[in-house]
Amino acid sequence: MEARASRIIHRGLVLAGLLICIAGRAAGQGAAGTDGTLEPRYLVDMPTAGMPDKNTMTLDVNFCQEGGVLVGIGVGVLDRFSFGISYGGSRIIGSDSPVMNPVPGVNIRVRILEEGMALPALVLGFDSQGKDGYLKDLSRYQVKSPGLFAAASKNYRFLGFLSFHGGVNYCFERADGDRDINAFVGIEKTIGPVVSVVGEYNFATNDNGDRALGKGYGYINIAFRLMLGNGLTLSANFKDMVKNGSTVTVANRTVGLEYSLVF
């Protein structure tokens, strides 16, 4: 079963690479800095009200602890509707046998309100993809998936761009008995034409019960994003800066790549 799953994600990575090569002549954009033309869809782990434009495809590849790789593909189907799927696992990089996620993740977003002078953009969505590996014995991801969520985002011009984000979510990974609604907030600041800094606080109120993985502090995450050009954005993430997780001694360091193209 594991070998079959490994073959599936390997073929998915190959297919993703082929898509990038085939689409090399397509118009590419980026999601960092003042020159970025794409709305960021995530802070670090939690969603924003950002969406891919219509007829835009996004490819996300995230590398996390224990040789983990997570690949996601999303499409802006309509002006206010997008759909995506993702799949990955742990120990994909390295010599150990891969441990694959039980099912692919699904991401659906609907833009309810466009950003205006006074009001933020508002998105309702569903995202079943957790982060940093699946824990089979606990029936959950290390970082729980957002599940059903509502996210709002507001942007301002201040020495470039300054953006504020926030939202609430209800996760369906509830084998630990924690059924609370969660909340999250974040901030993003551009630094020059191709760099952005992102800060996120995930209150993790749905992961602070008797069987929680953390200590009840919530998660403070920071990301540095660099737009490399031709639709490619690199993200260096430093997660759990307050050491909420029992296994974190400095910070959980992950790397993400985002590629976008217009078709």
# chains A, B, ... in the order shown; residues from 1 in each chain; ligands from 1
>>> select_by_dssp(residues="segment 101-222 of chain A", states="strand (DSSP E or B)", output="ChimeraX atom specification")
/A:105-113,121-127,131-135,140-143,147-157,161-170,182-191,195-202,214,219-222
>>> write_last_selection(atoms="C-alpha atoms", output="JSON list (two decimals), in the first residue's frame")
[["chain", "number", "residue", "atom", "x", "y", "z"],
["A", 105, "GLY", "CA", -6.77, 17.20, 0.54],
["A", 106, "VAL", "CA", -9.50, 19.31, -1.05],
["A", 107, "ASN", "CA", -9.64, 23.11, -1.15],
["A", 108, "ILE", "CA", -12.70, 25.13, -2.22],
["A", 109, "ARG", "CA", -13.01, 28.92, -2.00],
["A", 110, "VAL", "CA", -15.88, 31.30, -2.75],
["A", 111, "ARG", "CA", -15.33, 35.07, -2.67],
["A", 112, "ILE", "CA", -18.37, 36.53, -0.92],
["A", 113, "LEU", "CA", -17.22, 40.13, -0.77],
["A", 121, "ALA", "CA", -12.37, 40.97, 1.07],
["A", 122, "LEU", "CA", -14.25, 37.99, 2.50],
["A", 123, "VAL", "CA", -13.93, 34.35, 1.48],
["A", 124, "LEU", "CA", -15.83, 31.29, 2.65],
["A", 125, "GLY", "CA", -14.16, 27.97, 2.01],
["A", 126, "PHE", "CA", -13.29, 24.42, 2.92],
["A", 127, "ASP", "CA", -9.75, 23.05, 3.24],
["A", 131, "LYS", "CA", 0.37, 20.38, 7.50],
["A", 132, "ASP", "CA", 3.64, 18.79, 8.66],
["A", 133, "GLY", "CA", 2.66, 15.14, 8.27],
["A", 134, "TYR", "CA", -0.25, 12.89, 9.20],
["A", 135, "LEU", "CA", -0.25, 11.13, 12.58],
["A", 140, "ARG", "CA", -4.94, 13.99, 12.55],
["A", 141, "TYR", "CA", -2.23, 16.13, 10.99],
["A", 142, "GLN", "CA", 0.53, 17.66, 13.08],
["A", 143, "VAL", "CA", -1.07, 21.02, 12.27],
["A", 147, "GLY", "CA", -11.77, 22.63, 7.60],
["A", 148, "LEU", "CA", -14.66, 25.06, 7.12],
["A", 149, "PHE", "CA", -13.35, 28.63, 7.31],
["A", 150, "ALA", "CA", -14.18, 32.28, 6.80],
["A", 151, "ALA", "CA", -11.25, 34.62, 6.10],
["A", 152, "ALA", "CA", -11.07, 38.39, 5.67],
["A", 153, "SER", "CA", -8.20, 40.46, 4.23],
["A", 154, "LYS", "CA", -7.61, 44.22, 3.96],
["A", 155, "ASN", "CA", -4.69, 45.91, 2.20],
["A", 156, "TYR", "CA", -3.24, 49.38, 2.70],
["A", 157, "ARG", "CA", -0.55, 51.43, 1.01],
["A", 161, "PHE", "CA", 1.80, 47.43, 1.01],
["A", 162, "LEU", "CA", 0.60, 46.47, 4.47],
["A", 163, "SER", "CA", -2.06, 43.75, 4.75],
["A", 164, "PHE", "CA", -4.13, 42.47, 7.66],
["A", 165, "HIS", "CA", -5.80, 39.06, 7.72],
["A", 166, "GLY", "CA", -8.02, 37.15, 10.09],
["A", 167, "GLY", "CA", -10.62, 34.46, 10.28],
["A", 168, "VAL", "CA", -12.33, 31.60, 12.04],
["A", 169, "ASN", "CA", -12.41, 27.90, 11.19],
["A", 170, "TYR", "CA", -13.93, 24.60, 12.27],
["A", 182, "ASN", "CA", -10.65, 28.20, 16.13],
["A", 183, "ALA", "CA", -9.47, 31.71, 15.20],
["A", 184, "PHE", "CA", -6.38, 33.12, 13.50],
["A", 185, "VAL", "CA", -4.91, 36.51, 12.60],
["A", 186, "GLY", "CA", -1.98, 37.63, 10.49],
["A", 187, "ILE", "CA", -0.08, 40.53, 8.98],
["A", 188, "GLU", "CA", 1.96, 40.91, 5.79],
["A", 189, "LYS", "CA", 4.40, 43.67, 4.84],
["A", 190, "THR", "CA", 6.18, 44.11, 1.54],
["A", 191, "ILE", "CA", 9.89, 44.99, 1.65],
["A", 195, "VAL", "CA", 10.19, 40.45, -0.78],
["A", 196, "SER", "CA", 7.39, 40.13, 1.78],
["A", 197, "VAL", "CA", 7.39, 39.25, 5.49],
["A", 198, "VAL", "CA", 4.39, 37.44, 6.98],
["A", 199, "GLY", "CA", 3.40, 36.90, 10.60],
["A", 200, "GLU", "CA", 0.65, 34.55, 11.74],
["A", 201, "TYR", "CA", -0.94, 33.70, 15.08],
["A", 202, "ASN", "CA", -3.06, 30.56, 15.11],
["A", 214, "GLY", "CA", 0.76, 21.53, 22.19],
["A", 219, "TYR", "CA", 1.20, 28.95, 17.22],
["A", 220, "ILE", "CA", 3.21, 32.00, 16.15],
["A", 221, "ASN", "CA", 4.61, 31.52, 12.64],
["A", 222, "ILE", "CA", 6.80, 33.78, 10.49]]
>>> residues_around(residues="segment 78-93 of chain A", least_positions_apart="3", cutoff="9 Å", atoms="only C-alpha atoms", output="VMD selection string")
chain A and resid 6 9 12 51 to 55 58 60 64 to 75 96 to 112 123 129 132 to 134
>>> closest_residue(among="A:Gly116, A:Pro193, A:Pro47, A:Gly160", to="Ser128 of chain A", atoms="only C-alpha atoms")
A:Pro47
